[in-house]
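Trainee: My structure file model35.pdb, PDB, C-alpha atoms, is below:
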```
ATOM      1  CA  MET T 986     -23.057 -24.773  -7.491  1.00  0.00           C
ATOM      2  CA  SER T 987     -23.201 -21.027  -8.091  1.00  0.00           C
ATOM      3  CA  GLY T 988     -20.814 -19.165 -10.358  1.00  0.00           C
ATOM      4  CA  GLN T 989     -19.416 -17.104  -7.494  1.00  0.00           C
ATOM      5  CA  GLU T 990     -15.621 -16.966  -7.500  1.00  0.00           C
ATOM      6  CA  ILE T 991     -13.944 -18.147  -4.312  1.00  0.00           C
ATOM      7  CA  SER T 992     -10.886 -16.100  -3.414  1.00  0.00           C
ATOM      8  CA  PRO T 993      -7.761 -18.086  -2.471  1.00  0.00           C
ATOM      9  CA  ASN T 994      -6.774 -15.270  -0.094  1.00  0.00           C
ATOM     10  CA  THR T 995      -7.993 -14.967   3.486  1.00  0.00           C
ATOM     11  CA  GLY T 996      -8.468 -11.939   5.698  1.00  0.00           C
ATOM     12  CA  LYS T 997      -8.988  -8.367   4.557  1.00  0.00           C
ATOM     13  CA  LEU T 998      -6.904  -6.053   2.374  1.00  0.00           C
ATOM     14  CA  CYS T 999      -7.717  -2.359   1.954  1.00  0.00           C
ATOM     15  CA  GLN T1000      -6.020   0.033  -0.468  1.00  0.00           C
ATOM     16  CA  MET T1001      -5.002   3.446   0.853  1.00  0.00           C
ATOM     17  CA  GLY T1002      -3.905   6.670  -0.820  1.00  0.00           C
ATOM     18  CA  CYS T1003      -4.154   7.201  -4.570  1.00  0.00           C
ATOM     19  CA  SER T1004      -6.215   4.867  -6.720  1.00  0.00           C
ATOM     20  CA  ALA T1005      -6.944   4.266 -10.396  1.00  0.00           C
ATOM     21  CA  GLY T1006     -10.647   3.915  -9.573  1.00  0.00           C
ATOM     22  CA  SER T1007     -12.942   1.138 -10.679  1.00  0.00           C
ATOM     23  CA  ARG T1008     -12.742  -0.455 -14.101  1.00  0.00           C
ATOM     24  CA  SER T1009     -16.127   1.002 -15.041  1.00  0.00           C
ATOM     25  CA  LYS T1010     -15.171   4.507 -13.882  1.00  0.00           C
ATOM     26  CA  ALA T1011     -11.402   4.882 -13.972  1.00  0.00           C
ATOM     27  CA  SER T1012      -9.929   8.080 -12.556  1.00  0.00           C
ATOM     28  CA  PHE T1013      -6.785   9.147 -10.754  1.00  0.00           C
ATOM     29  CA  ASP T1014      -8.035  10.147  -7.322  1.00  0.00           C
ATOM     30  CA  TRP T1015      -8.023   9.259  -3.638  1.00  0.00           C
ATOM     31  CA  VAL T1016      -9.481   5.868  -2.717  1.00  0.00           C
ATOM     32  CA  ARG T1017     -13.065   5.801  -1.469  1.00  0.00           C
ATOM     33  CA  ASN T1018     -13.203   3.121   1.192  1.00  0.00           C
ATOM     34  CA  ILE T1019     -15.955   4.921   3.119  1.00  0.00           C
ATOM     35  CA  THR T1020     -18.715   6.671   1.186  1.00  0.00           C
ATOM     36  CA  SER T1021     -20.897   8.075   3.982  1.00  0.00           C
ATOM     37  CA  LYS T1022     -20.535  10.477   6.905  1.00  0.00           C
ATOM     38  CA  LYS T1023     -18.189  13.096   5.465  1.00  0.00           C
ATOM     39  CA  ASN T1024     -16.423  14.018   8.710  1.00  0.00           C
ATOM     40  CA  ARG T1025     -15.707  10.392   9.528  1.00  0.00           C
ATOM     41  CA  LEU T1026     -14.357   9.853   6.010  1.00  0.00           C
ATOM     42  CA  GLU T1027     -12.004  12.839   6.208  1.00  0.00           C
ATOM     43  CA  ASP T1028     -10.732  11.783   9.642  1.00  0.00           C
ATOM     44  CA  PHE T1029     -10.079   8.268   8.352  1.00  0.00           C
ATOM     45  CA  GLU T1030      -8.182   9.460   5.271  1.00  0.00           C
ATOM     46  CA  HIS T1031      -6.109  11.976   7.254  1.00  0.00           C
ATOM     47  CA  LEU T1032      -5.127   9.309   9.782  1.00  0.00           C
ATOM     48  CA  GLY T1033      -4.347   6.908   6.943  1.00  0.00           C
ATOM     49  CA  SER T1034      -1.922   9.313   5.278  1.00  0.00           C
ATOM     50  CA  TYR T1035      -0.383  10.076   8.695  1.00  0.00           C
ATOM     51  CA  ILE T1036       0.396   6.446   9.520  1.00  0.00           C
ATOM     52  CA  PHE T1037       1.939   5.856   6.092  1.00  0.00           C
ATOM     53  CA  ALA T1038       4.042   9.012   6.494  1.00  0.00           C
ATOM     54  CA  LEU T1039       5.253   7.637   9.830  1.00  0.00           C
ATOM     55  CA  LEU T1040       6.203   4.310   8.231  1.00  0.00           C
ATOM     56  CA  TRP T1041       7.993   6.034   5.351  1.00  0.00           C
ATOM     57  CA  ASN T1042      10.028   8.407   7.516  1.00  0.00           C
ATOM     58  CA  MET T1043      11.027   5.688   9.988  1.00  0.00           C
ATOM     59  CA  SER T1044      12.048   3.509   7.041  1.00  0.00           C
ATOM     60  CA  LYS T1045      14.164   6.319   5.593  1.00  0.00           C
ATOM     61  CA  GLY T1046      16.155   6.403   8.815  1.00  0.00           C
ATOM     62  CA  ARG T1047      16.541   2.648   9.335  1.00  0.00           C
ATOM     63  CA  LEU T1048      16.392   0.642   6.099  1.00  0.00           C
ATOM     64  CA  PRO T1049      19.255   0.040   3.640  1.00  0.00           C
ATOM     65  CA  LYS T1050      19.965   2.979   1.356  1.00  0.00           C
ATOM     66  CA  PRO T1051      19.286   1.130  -1.960  1.00  0.00           C
ATOM     67  CA  ILE T1052      15.684   0.403  -0.902  1.00  0.00           C
ATOM     68  CA  ILE T1053      14.921   4.021  -0.023  1.00  0.00           C
ATOM     69  CA  GLU T1054      16.716   5.361  -3.109  1.00  0.00           C
ATOM     70  CA  ASP T1055      14.727   3.014  -5.349  1.00  0.00           C
ATOM     71  CA  ILE T1056      11.301   4.078  -4.062  1.00  0.00           C
ATOM     72  CA  THR T1057      12.285   7.752  -3.825  1.00  0.00           C
ATOM     73  CA  GLY T1058      13.665   7.624  -7.359  1.00  0.00           C
ATOM     74  CA  PHE T1059      10.383   6.204  -8.627  1.00  0.00           C
ATOM     75  CA  CYS T1060       8.399   9.025  -7.000  1.00  0.00           C
ATOM     76  CA  ASN T1061      10.762  11.755  -8.203  1.00  0.00           C
ATOM     77  CA  SER T1062      11.116  10.490 -11.771  1.00  0.00           C
ATOM     78  CA  THR T1063       7.376  10.080 -12.353  1.00  0.00           C
ATOM     79  CA  LEU T1064       6.260  13.121 -10.283  1.00  0.00           C
ATOM     80  CA  ILE T1065       3.413  10.951  -9.044  1.00  0.00           C
ATOM     81  CA  PRO T1066       1.598  12.561  -6.061  1.00  0.00           C
ATOM     82  CA  ARG T1067       2.575  11.548  -2.548  1.00  0.00           C
ATOM     83  CA  MET T1068       0.043  10.188  -0.077  1.00  0.00           C
ATOM     84  CA  ASN T1069      -1.031  13.513   1.406  1.00  0.00           C
ATOM     85  CA  TYR T1070      -4.772  13.820   1.968  1.00  0.00           C
ATOM     86  CA  ALA T1071      -4.357  17.345   3.370  1.00  0.00           C
ATOM     87  CA  ALA T1072      -2.943  18.717   0.093  1.00  0.00           C
ATOM     88  CA  LYS T1073      -5.260  21.231  -1.561  1.00  0.00           C
ATOM     89  CA  ASP T1074      -4.673  19.596  -4.929  1.00  0.00           C
ATOM     90  CA  ARG T1075      -4.028  15.901  -4.370  1.00  0.00           C
ATOM     91  CA  ALA T1076      -3.259  15.360  -8.070  1.00  0.00           C
ATOM     92  CA  THR T1077       0.032  17.269  -7.823  1.00  0.00           C
ATOM     93  CA  SER T1078       3.486  16.032  -6.900  1.00  0.00           C
ATOM     94  CA  GLN T1079       3.816  17.739  -3.500  1.00  0.00           C
ATOM     95  CA  ILE T1080       6.609  15.934  -1.659  1.00  0.00           C
ATOM     96  CA  TRP T1081       6.480  17.759   1.665  1.00  0.00           C
ATOM     97  CA  GLY T1082       3.707  17.814   4.214  1.00  0.00           C
ATOM     98  CA  ASN T1083       2.827  17.514   7.890  1.00  0.00           C
ATOM     99  CA  TYR T1084       1.607  14.611   9.964  1.00  0.00           C
ATOM    100  CA  THR T1085       0.653  14.010  13.579  1.00  0.00           C
ATOM    101  CA  VAL T1086       1.264  10.983  15.785  1.00  0.00           C
ATOM    102  CA  ARG T1087      -0.564  10.458  19.072  1.00  0.00           C
ATOM    103  CA  VAL T1088       1.563   9.050  21.898  1.00  0.00           C
ATOM    104  CA  GLY T1089      -0.563   8.463  24.966  1.00  0.00           C
ATOM    105  CA  ALA T1090      -2.485  11.695  25.490  1.00  0.00           C
ATOM    106  CA  ASP T1091      -0.012  13.815  23.511  1.00  0.00           C
ATOM    107  CA  ASP T1092      -0.109  14.732  19.813  1.00  0.00           C
ATOM    108  CA  ILE T1093       3.343  15.072  18.247  1.00  0.00           C
ATOM    109  CA  GLU T1094       3.401  16.998  14.966  1.00  0.00           C
ATOM    110  CA  PHE T1095       6.074  16.617  12.310  1.00  0.00           C
ATOM    111  CA  ASP T1096       6.298  19.622   9.984  1.00  0.00           C
ATOM    112  CA  CYS T1097       7.687  19.859   6.458  1.00  0.00           C
ATOM    113  CA  VAL T1098       8.647  16.204   6.079  1.00  0.00           C
ATOM    114  CA  PRO T1099       8.543  13.871   3.049  1.00  0.00           C
ATOM    115  CA  MET T1100       5.138  12.256   2.714  1.00  0.00           C
ATOM    116  CA  ALA T1101       4.747   8.579   1.837  1.00  0.00           C
ATOM    117  CA  PRO T1102       4.702   7.235  -1.737  1.00  0.00           C
ATOM    118  CA  PRO T1103       1.278   7.390  -3.424  1.00  0.00           C
ATOM    119  CA  SER T1104      -0.262   4.041  -2.612  1.00  0.00           C
ATOM    120  CA  GLY T1105      -0.318   1.365   0.044  1.00  0.00           C
ATOM    121  CA  PHE T1106      -2.432  -1.338   1.628  1.00  0.00           C
ATOM    122  CA  MET T1107      -3.661  -2.150   5.118  1.00  0.00           C
ATOM    123  CA  ALA T1108      -4.172  -5.795   6.017  1.00  0.00           C
ATOM    124  CA  TYR T1109      -6.046  -7.681   8.719  1.00  0.00           C
ATOM    125  CA  ASN T1110      -5.341 -11.418   9.085  1.00  0.00           C
ATOM    126  CA  TYR T1111      -4.466 -11.390   5.390  1.00  0.00           C
ATOM    127  CA  SER T1112      -2.635 -14.265   3.763  1.00  0.00           C
ATOM    128  CA  ARG T1113      -1.893 -15.299   0.214  1.00  0.00           C
ATOM    129  CA  GLY T1114      -0.118 -18.271  -1.317  1.00  0.00           C
ATOM    130  CA  THR T1115       3.049 -18.166  -3.399  1.00  0.00           C
ATOM    131  CA  HIS T1116       2.907 -15.505  -6.111  1.00  0.00           C
ATOM    132  CA  ASN T1117       4.831 -12.642  -7.648  1.00  0.00           C
ATOM    133  CA  GLU T1118       3.783  -9.397  -9.275  1.00  0.00           C
ATOM    134  CA  LYS T1119       5.051  -6.506 -11.338  1.00  0.00           C
ATOM    135  CA  CYS T1120       5.653  -3.200  -9.585  1.00  0.00           C
ATOM    136  CA  PRO T1121       6.921   0.150 -10.943  1.00  0.00           C
ATOM    137  CA  HIS T1122       9.604   0.257  -8.240  1.00  0.00           C
ATOM    138  CA  LYS T1123      12.041  -2.545  -7.428  1.00  0.00           C
ATOM    139  CA  TYR T1124      11.335  -2.826  -3.694  1.00  0.00           C
ATOM    140  CA  ALA T1125       8.236  -2.789  -1.506  1.00  0.00           C
ATOM    141  CA  LEU T1126       7.841  -2.541   2.273  1.00  0.00           C
ATOM    142  CA  PHE T1127       5.489  -3.926   4.856  1.00  0.00           C
ATOM    143  CA  TRP T1128       5.181  -3.173   8.553  1.00  0.00           C
ATOM    144  CA  THR T1129       3.526  -5.619  10.950  1.00  0.00           C
ATOM    145  CA  THR T1130       2.010  -3.266  13.502  1.00  0.00           C
ATOM    146  CA  ALA T1131       0.321  -5.858  15.735  1.00  0.00           C
ATOM    147  CA  ARG T1132       0.332  -9.630  16.100  1.00  0.00           C
ATOM    148  CA  THR T1133      -1.262 -11.723  18.835  1.00  0.00           C
ATOM    149  CA  TYR T1134      -0.529 -15.090  17.185  1.00  0.00           C
ATOM    150  CA  GLY T1135       2.107 -17.236  18.807  1.00  0.00           C
ATOM    151  CA  SER T1136       5.117 -18.026  16.626  1.00  0.00           C
ATOM    152  CA  GLU T1137       3.918 -21.620  16.261  1.00  0.00           C
ATOM    153  CA  GLU T1138       0.550 -20.474  14.870  1.00  0.00           C
ATOM    154  CA  GLY T1139       1.862 -19.638  11.404  1.00  0.00           C
ATOM    155  CA  GLY T1140       1.022 -16.633   9.261  1.00  0.00           C
ATOM    156  CA  HIS T1141       4.698 -15.915   8.536  1.00  0.00           C
ATOM    157  CA  PHE T1142       6.140 -14.271   5.424  1.00  0.00           C
ATOM    158  CA  PHE T1143       8.387 -16.208   3.063  1.00  0.00           C
ATOM    159  CA  ILE T1144      10.394 -15.472  -0.063  1.00  0.00           C
ATOM    160  CA  ALA T1145      10.470 -18.670  -2.097  1.00  0.00           C
ATOM    161  CA  ASP T1146      13.204 -17.501  -4.483  1.00  0.00           C
ATOM    162  CA  TYR T1147      15.648 -17.462  -1.567  1.00  0.00           C
ATOM    163  CA  GLY T1148      14.125 -20.278   0.468  1.00  0.00           C
ATOM    164  CA  ILE T1149      13.715 -18.104   3.550  1.00  0.00           C
ATOM    165  CA  ARG T1150      10.941 -17.628   6.088  1.00  0.00           C
ATOM    166  CA  ILE T1151      10.607 -14.405   8.066  1.00  0.00           C
ATOM    167  CA  LYS T1152       8.842 -14.857  11.386  1.00  0.00           C
ATOM    168  CA  GLN T1153       6.246 -12.171  11.902  1.00  0.00           C
ATOM    169  CA  SER T1154       6.279 -10.147  15.108  1.00  0.00           C
ATOM    170  CA  ASP T1155       4.981  -6.852  16.460  1.00  0.00           C
ATOM    171  CA  ASN T1156       6.611  -3.729  15.036  1.00  0.00           C
ATOM    172  CA  SER T1157       8.715  -5.474  12.399  1.00  0.00           C
ATOM    173  CA  VAL T1158       9.446  -4.217   8.874  1.00  0.00           C
ATOM    174  CA  VAL T1159      10.398  -6.228   5.793  1.00  0.00           C
ATOM    175  CA  GLY T1160      11.623  -4.977   2.429  1.00  0.00           C
ATOM    176  CA  TRP T1161      11.336  -7.320  -0.545  1.00  0.00           C
ATOM    177  CA  LYS T1162      11.142  -7.422  -4.331  1.00  0.00           C
ATOM    178  CA  PRO T1163       7.558  -8.031  -5.512  1.00  0.00           C
ATOM    179  CA  THR T1164       8.929  -9.776  -8.623  1.00  0.00           C
ATOM    180  CA  ASP T1165      10.383 -12.517  -6.383  1.00  0.00           C
ATOM    181  CA  PHE T1166       8.001 -15.354  -5.536  1.00  0.00           C
ATOM    182  CA  HIS T1167       6.689 -14.750  -2.032  1.00  0.00           C
ATOM    183  CA  GLY T1168       3.675 -15.440   0.155  1.00  0.00           C
ATOM    184  CA  THR T1169       2.360 -16.259   3.615  1.00  0.00           C
ATOM    185  CA  THR T1170       2.526 -19.555   5.481  1.00  0.00           C
ATOM    186  CA  LEU T1171      -0.686 -21.204   6.616  1.00  0.00           C
ATOM    187  CA  SER T1172      -2.165 -19.974   9.867  1.00  0.00           C
ATOM    188  CA  VAL T1173      -4.050 -21.963  12.479  1.00  0.00           C
ATOM    189  CA  LYS T1174      -6.634 -19.176  12.386  1.00  0.00           C
ATOM    190  CA  GLY T1175      -9.226 -19.934   9.724  1.00  0.00           C
ATOM    191  CA  PRO T1176     -10.954 -17.235   7.636  1.00  0.00           C
ATOM    192  CA  THR T1177     -14.166 -17.540   9.681  1.00  0.00           C
ATOM    193  CA  ASP T1178     -12.491 -17.711  13.095  1.00  0.00           C
ATOM    194  CA  GLU T1179     -14.097 -15.103  15.366  1.00  0.00           C
ATOM    195  CA  SER T1180     -11.442 -15.256  18.108  1.00  0.00           C
ATOM    196  CA  ASP T1181      -9.453 -12.208  19.203  1.00  0.00           C
ATOM    197  CA  SER T1182      -6.244 -13.452  17.575  1.00  0.00           C
ATOM    198  CA  HIS T1183      -5.092 -11.104  14.864  1.00  0.00           C
ATOM    199  CA  GLN T1184      -2.247  -9.929  12.693  1.00  0.00           C
ATOM    200  CA  ILE T1185      -2.404  -6.365  11.384  1.00  0.00           C
ATOM    201  CA  GLY T1186      -0.035  -4.549   9.075  1.00  0.00           C
ATOM    202  CA  MET T1187       0.461  -2.186   6.178  1.00  0.00           C
ATOM    203  CA  SER T1188       2.570  -2.066   3.044  1.00  0.00           C
ATOM    204  CA  ILE T1189       4.008   0.515   0.675  1.00  0.00           C
ATOM    205  CA  VAL T1190       3.551  -0.761  -2.866  1.00  0.00           C
ATOM    206  CA  THR T1191       2.282   0.834  -6.085  1.00  0.00           C
ATOM    207  CA  PRO T1192      -0.012  -0.994  -8.534  1.00  0.00           C
ATOM    208  CA  VAL T1193       1.160  -0.821 -12.151  1.00  0.00           C
ATOM    209  CA  ARG T1194      -2.328   0.315 -13.162  1.00  0.00           C
ATOM    210  CA  LEU T1195      -1.986   3.432 -11.009  1.00  0.00           C
ATOM    211  CA  LEU T1196       1.246   4.495 -12.709  1.00  0.00           C
ATOM    212  CA  LYS T1197      -0.173   3.849 -16.186  1.00  0.00           C
ATOM    213  CA  LEU T1198      -3.191   6.021 -15.453  1.00  0.00           C
ATOM    214  CA  TRP T1199      -1.021   8.747 -13.901  1.00  0.00           C
ATOM    215  CA  GLU T1200       1.163   8.896 -17.017  1.00  0.00           C
ATOM    216  CA  LYS T1201      -1.899   9.367 -19.206  1.00  0.00           C
ATOM    217  CA  TYR T1202      -3.324  11.900 -16.763  1.00  0.00           C
ATOM    218  CA  GLN T1203      -0.096  13.902 -17.006  1.00  0.00           C
ATOM    219  CA  GLN T1204      -0.346  13.862 -20.778  1.00  0.00           C
ATOM    220  CA  GLU T1205      -4.045  14.851 -20.592  1.00  0.00           C
ATOM    221  CA  GLN T1206      -4.905  11.848 -22.715  1.00  0.00           C
ATOM    222  CA  ILE T1207      -7.455  10.171 -20.454  1.00  0.00           C
ATOM    223  CA  THR T1208     -10.776   9.838 -22.251  1.00  0.00           C
ATOM    224  CA  ALA T1209     -13.690   7.445 -22.049  1.00  0.00           C
ATOM    225  CA  ASP T1210     -12.389   5.788 -25.222  1.00  0.00           C
ATOM    226  CA  ASN T1211      -8.885   4.954 -24.029  1.00  0.00           C
ATOM    227  CA  VAL T1212      -9.373   4.233 -20.309  1.00  0.00           C
ATOM    228  CA  GLU T1213     -10.263   0.579 -20.948  1.00  0.00           C
ATOM    229  CA  ALA T1214      -7.208   0.141 -23.179  1.00  0.00           C
ATOM    230  CA  ILE T1215      -4.978   1.615 -20.449  1.00  0.00           C
ATOM    231  CA  LEU T1216      -6.350  -0.774 -17.839  1.00  0.00           C
ATOM    232  CA  VAL T1217      -6.098  -3.830 -20.093  1.00  0.00           C
ATOM    233  CA  GLU T1218      -2.496  -2.911 -20.909  1.00  0.00           C
ATOM    234  CA  SER T1219      -1.613  -2.615 -17.223  1.00  0.00           C
ATOM    235  CA  ASP T1220      -3.329  -5.951 -16.450  1.00  0.00           C
ATOM    236  CA  ASP T1221      -1.223  -7.656 -19.117  1.00  0.00           C
ATOM    237  CA  TYR T1222       1.930  -6.079 -17.692  1.00  0.00           C
ATOM    238  CA  GLU T1223       1.163  -7.182 -14.130  1.00  0.00           C
ATOM    239  CA  GLU T1224       0.560 -10.773 -15.221  1.00  0.00           C
ATOM    240  CA  GLU T1225       3.821 -11.203 -17.146  1.00  0.00           C
TER     241      GLU T1225
END
```
As structure tokens - that is how I would like this structure written.
Mentor:
Amino acid sequence: MSGQEISPNTGKLCQMGCSAGSRSKASFDWVRNITSKKNRLEDFEHLGSYIFALLWNMSKGRLPKPIIEDITGFCNSTLIPRMNYAAKDRATSQIWGNYTVRVGADDIEFDCVPMAPPSGFMAYNYSRGTHNEKCPHKYALFWTTARTYGSEEGGHFFIADYGIRIKQSDNSVVGWKPTDFHGTTLSVKGPTDESDSHQIGMSIVTPVRLLKLWEKYQQEQITADNVEAILVESDDYEEE
């Protein structure tokens, strides 16, 4: 048997927005999910920051005040950059920006609005067993944008600390505490299933490693000698 590690998670998970870079080349910068075809890359990153801005601004108008105040307070207190790919200097704490949403054949532009927090994830048929994790803000959000599974086909979200299951559905948003034990129920769709059934969504959550690197970046203390120590420290913190 080979030494290849088998992931317990199924589906795909893609980080969006700001990133701490790879362990071998840590840097505070925009994620690089696509490395070729410059125009395609820029279009992808612009659209990514737009959809997260849409989620954030809809959440600000609909979710309980303590959730929004918690995440906003984290952004304001750390001055960590928002998810705004159009900003001339993406390593600054610009709160306001513009984004465009296409509805049918029409483009609707929102000007001078709060951009999303710095980091998030997009998921396709992603599931993970019971776990918890550290996060620099108390609450996190996820938005299920599309689901073709039937309710009986599983893939639902649960929070074990409270003994509750949240049935997934199109256009539904959940706020939860990452420090609570949570996960996804089993789905009838296996990881190699090539059918058209899918569940797609996105989340607003900030890795501890990103904040640690941002703090050092602000203090102009990031060097080749201390990057590894920063990342090891953040790993230890996340696993507590």
Trainee: I need the residue set behind the PyMOL selection byres ((chain T and resi 1148-1163) around 6) for this file; please write it as a list in words.
Mentor: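 Evaluating the PyMOL selection byres ((chain T and resi 1148-1163) around 6) on this file yields Asn1117, Glu1118, Lys1123, Tyr1124, Ala1125, Leu1126, Phe1127, Trp1128, Thr1129, Thr1130, Ala1131, Arg1132, His1141, Phe1142, Phe1143, Ile1144, Ala1145, Asp1146, Tyr1147, Thr1164 and Asp1165 of chain T.
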Trainee: What does the structure give for the distance between CA of Val1193 in chain T and CA of Ala1101 in chain T, in Å to one decimal?
Mentor: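 Separation of CA of Val1193 in chain T and CA of Ala1101 in chain T: 17.2 Å.
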Trainee: Here's the selection I'm unsure about, the PyMOL selection byres ((chain T and resi 1027-1039) around 10); applied to the file above, which residues does it give, as a PyMOL selection string?
Mentor: chain T and resi 1001-1002+1015-1019+1022-1026+1040-1045+1067-1071+1082-1086+1095+1098-1107+1128+1187-1189
Trainee: Go through T:Ser1172, T:Ser1007, T:Thr1063, T:Thr1191 and flag the residue nearest Arg1113 in chain T, using all atoms listed in the file for the distances.
Mentor: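 Once distances to Arg1113 in chain T are computed over all atoms listed in the file, the minimum belongs to T:Ser1172.
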Trainee: For the structure shown, which residues end up in the PyMOL selection byres ((chain T and resi 1140) around 9)? Put them as a PDB file with C-alpha atoms, in the frame of the given file, please?
Mentor:
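For reference, expr29.pdb as written:
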```pdb
ATOM      1  CA  ASN T1110      -5.341 -11.418   9.085  1.00  0.00           C
ATOM      2  CA  TYR T1111      -4.466 -11.390   5.390  1.00  0.00           C
ATOM      3  CA  SER T1112      -2.635 -14.265   3.763  1.00  0.00           C
ATOM      4  CA  TYR T1134      -0.529 -15.090  17.185  1.00  0.00           C
ATOM      5  CA  SER T1136       5.117 -18.026  16.626  1.00  0.00           C
ATOM      6  CA  GLU T1138       0.550 -20.474  14.870  1.00  0.00           C
ATOM      7  CA  GLY T1139       1.862 -19.638  11.404  1.00  0.00           C
ATOM      8  CA  HIS T1141       4.698 -15.915   8.536  1.00  0.00           C
ATOM      9  CA  PHE T1142       6.140 -14.271   5.424  1.00  0.00           C
ATOM     10  CA  LYS T1152       8.842 -14.857  11.386  1.00  0.00           C
ATOM     11  CA  GLN T1153       6.246 -12.171  11.902  1.00  0.00           C
ATOM     12  CA  THR T1169       2.360 -16.259   3.615  1.00  0.00           C
ATOM     13  CA  THR T1170       2.526 -19.555   5.481  1.00  0.00           C
ATOM     14  CA  LEU T1171      -0.686 -21.204   6.616  1.00  0.00           C
ATOM     15  CA  SER T1172      -2.165 -19.974   9.867  1.00  0.00           C
ATOM     16  CA  VAL T1173      -4.050 -21.963  12.479  1.00  0.00           C
ATOM     17  CA  LYS T1174      -6.634 -19.176  12.386  1.00  0.00           C
ATOM     18  CA  GLN T1184      -2.247  -9.929  12.693  1.00  0.00           C
TER      19      GLN T1184
END
```
Trainee: Which residue, T:Tyr1109, T:His1167, T:Ile1185, T:Lys1201, has the smallest gap to Gly996 in chain T when you use all atoms listed in the file?
Mentor: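 Among T:Tyr1109, T:His1167, T:Ile1185, T:Lys1201, it is T:Tyr1109 that comes nearest to Gly996 in chain T.
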Trainee: Can you tell me how far CA of Glu1054 in chain T sits from CA of Gln1079 in chain T, in Å to one decimal?
Mentor: 17.9 Å
Trainee: Between CA of Thr1115 in chain T and CA of Phe1166 in chain T, what is the spacing in Å?
Mentor: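 That distance, rounded to one decimal, is 6.1 Å.
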Trainee: Tell me which of T:His1116, T:Asp1014, T:Leu1048, T:Leu1064 sits closest to Gln1203 in chain T, counting only C-alpha atoms.
Mentor: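 Closest to Gln1203 in chain T of all the choices is T:Leu1064.
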Trainee: With distances taken over all atoms listed in the file, which residue among T:Pro1051, T:Thr995, T:Gly1089, T:Tyr1202 lies nearest Gly1114 in chain T?
Mentor: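 Closest residue, counting all atoms listed in the file: T:Thr995.
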Trainee: Could you give me range 1060-1074 of chain T completed to N, CA and C atoms, formatted as a short mmCIF file (atom, residue, chain, number, x, y, z; two decimals), in the frame of the given file?
Mentor:
```cif
data_model
loop_
_atom_site.label_atom_id
_atom_site.label_comp_id
_atom_site.auth_asym_id
_atom_site.auth_seq_id
_atom_site.Cartn_x
_atom_site.Cartn_y
_atom_site.Cartn_z
N CYS T 1060 9.29 7.88 -7.25
CA CYS T 1060 8.40 9.02 -7.00
C CYS T 1060 8.90 10.28 -7.71
N ASN T 1061 10.20 10.53 -7.63
CA ASN T 1061 10.76 11.76 -8.20
C ASN T 1061 10.77 11.73 -9.73
N SER T 1062 11.02 10.57 -10.31
CA SER T 1062 11.12 10.49 -11.77
C SER T 1062 9.75 10.56 -12.44
N THR T 1063 8.72 10.07 -11.77
CA THR T 1063 7.38 10.08 -12.35
C THR T 1063 6.56 11.30 -11.93
N LEU T 1064 7.01 11.99 -10.86
CA LEU T 1064 6.26 13.12 -10.28
C LEU T 1064 4.86 12.71 -9.83
N ILE T 1065 4.71 11.44 -9.51
CA ILE T 1065 3.41 10.95 -9.04
C ILE T 1065 3.13 11.54 -7.66
N PRO T 1066 1.90 11.93 -7.35
CA PRO T 1066 1.60 12.56 -6.06
C PRO T 1066 1.93 11.67 -4.87
N ARG T 1067 2.36 12.28 -3.79
CA ARG T 1067 2.58 11.55 -2.55
C ARG T 1067 1.24 11.33 -1.84
N MET T 1068 1.26 10.48 -0.83
CA MET T 1068 0.04 10.19 -0.08
C MET T 1068 -0.17 11.28 0.97
N ASN T 1069 -0.83 12.35 0.54
CA ASN T 1069 -1.03 13.51 1.41
C ASN T 1069 -2.47 13.99 1.25
N TYR T 1070 -3.35 13.49 2.10
CA TYR T 1070 -4.77 13.82 1.97
C TYR T 1070 -5.04 15.30 2.25
N ALA T 1071 -4.15 15.95 3.01
CA ALA T 1071 -4.36 17.34 3.37
C ALA T 1071 -4.01 18.31 2.24
N ALA T 1072 -3.33 17.83 1.19
CA ALA T 1072 -2.94 18.72 0.09
C ALA T 1072 -4.18 19.30 -0.58
N LYS T 1073 -4.11 20.58 -0.92
CA LYS T 1073 -5.26 21.23 -1.56
C LYS T 1073 -5.56 20.61 -2.92
N ASP T 1074 -4.51 20.27 -3.64
CA ASP T 1074 -4.67 19.60 -4.93
C ASP T 1074 -3.94 18.27 -4.84
#
```
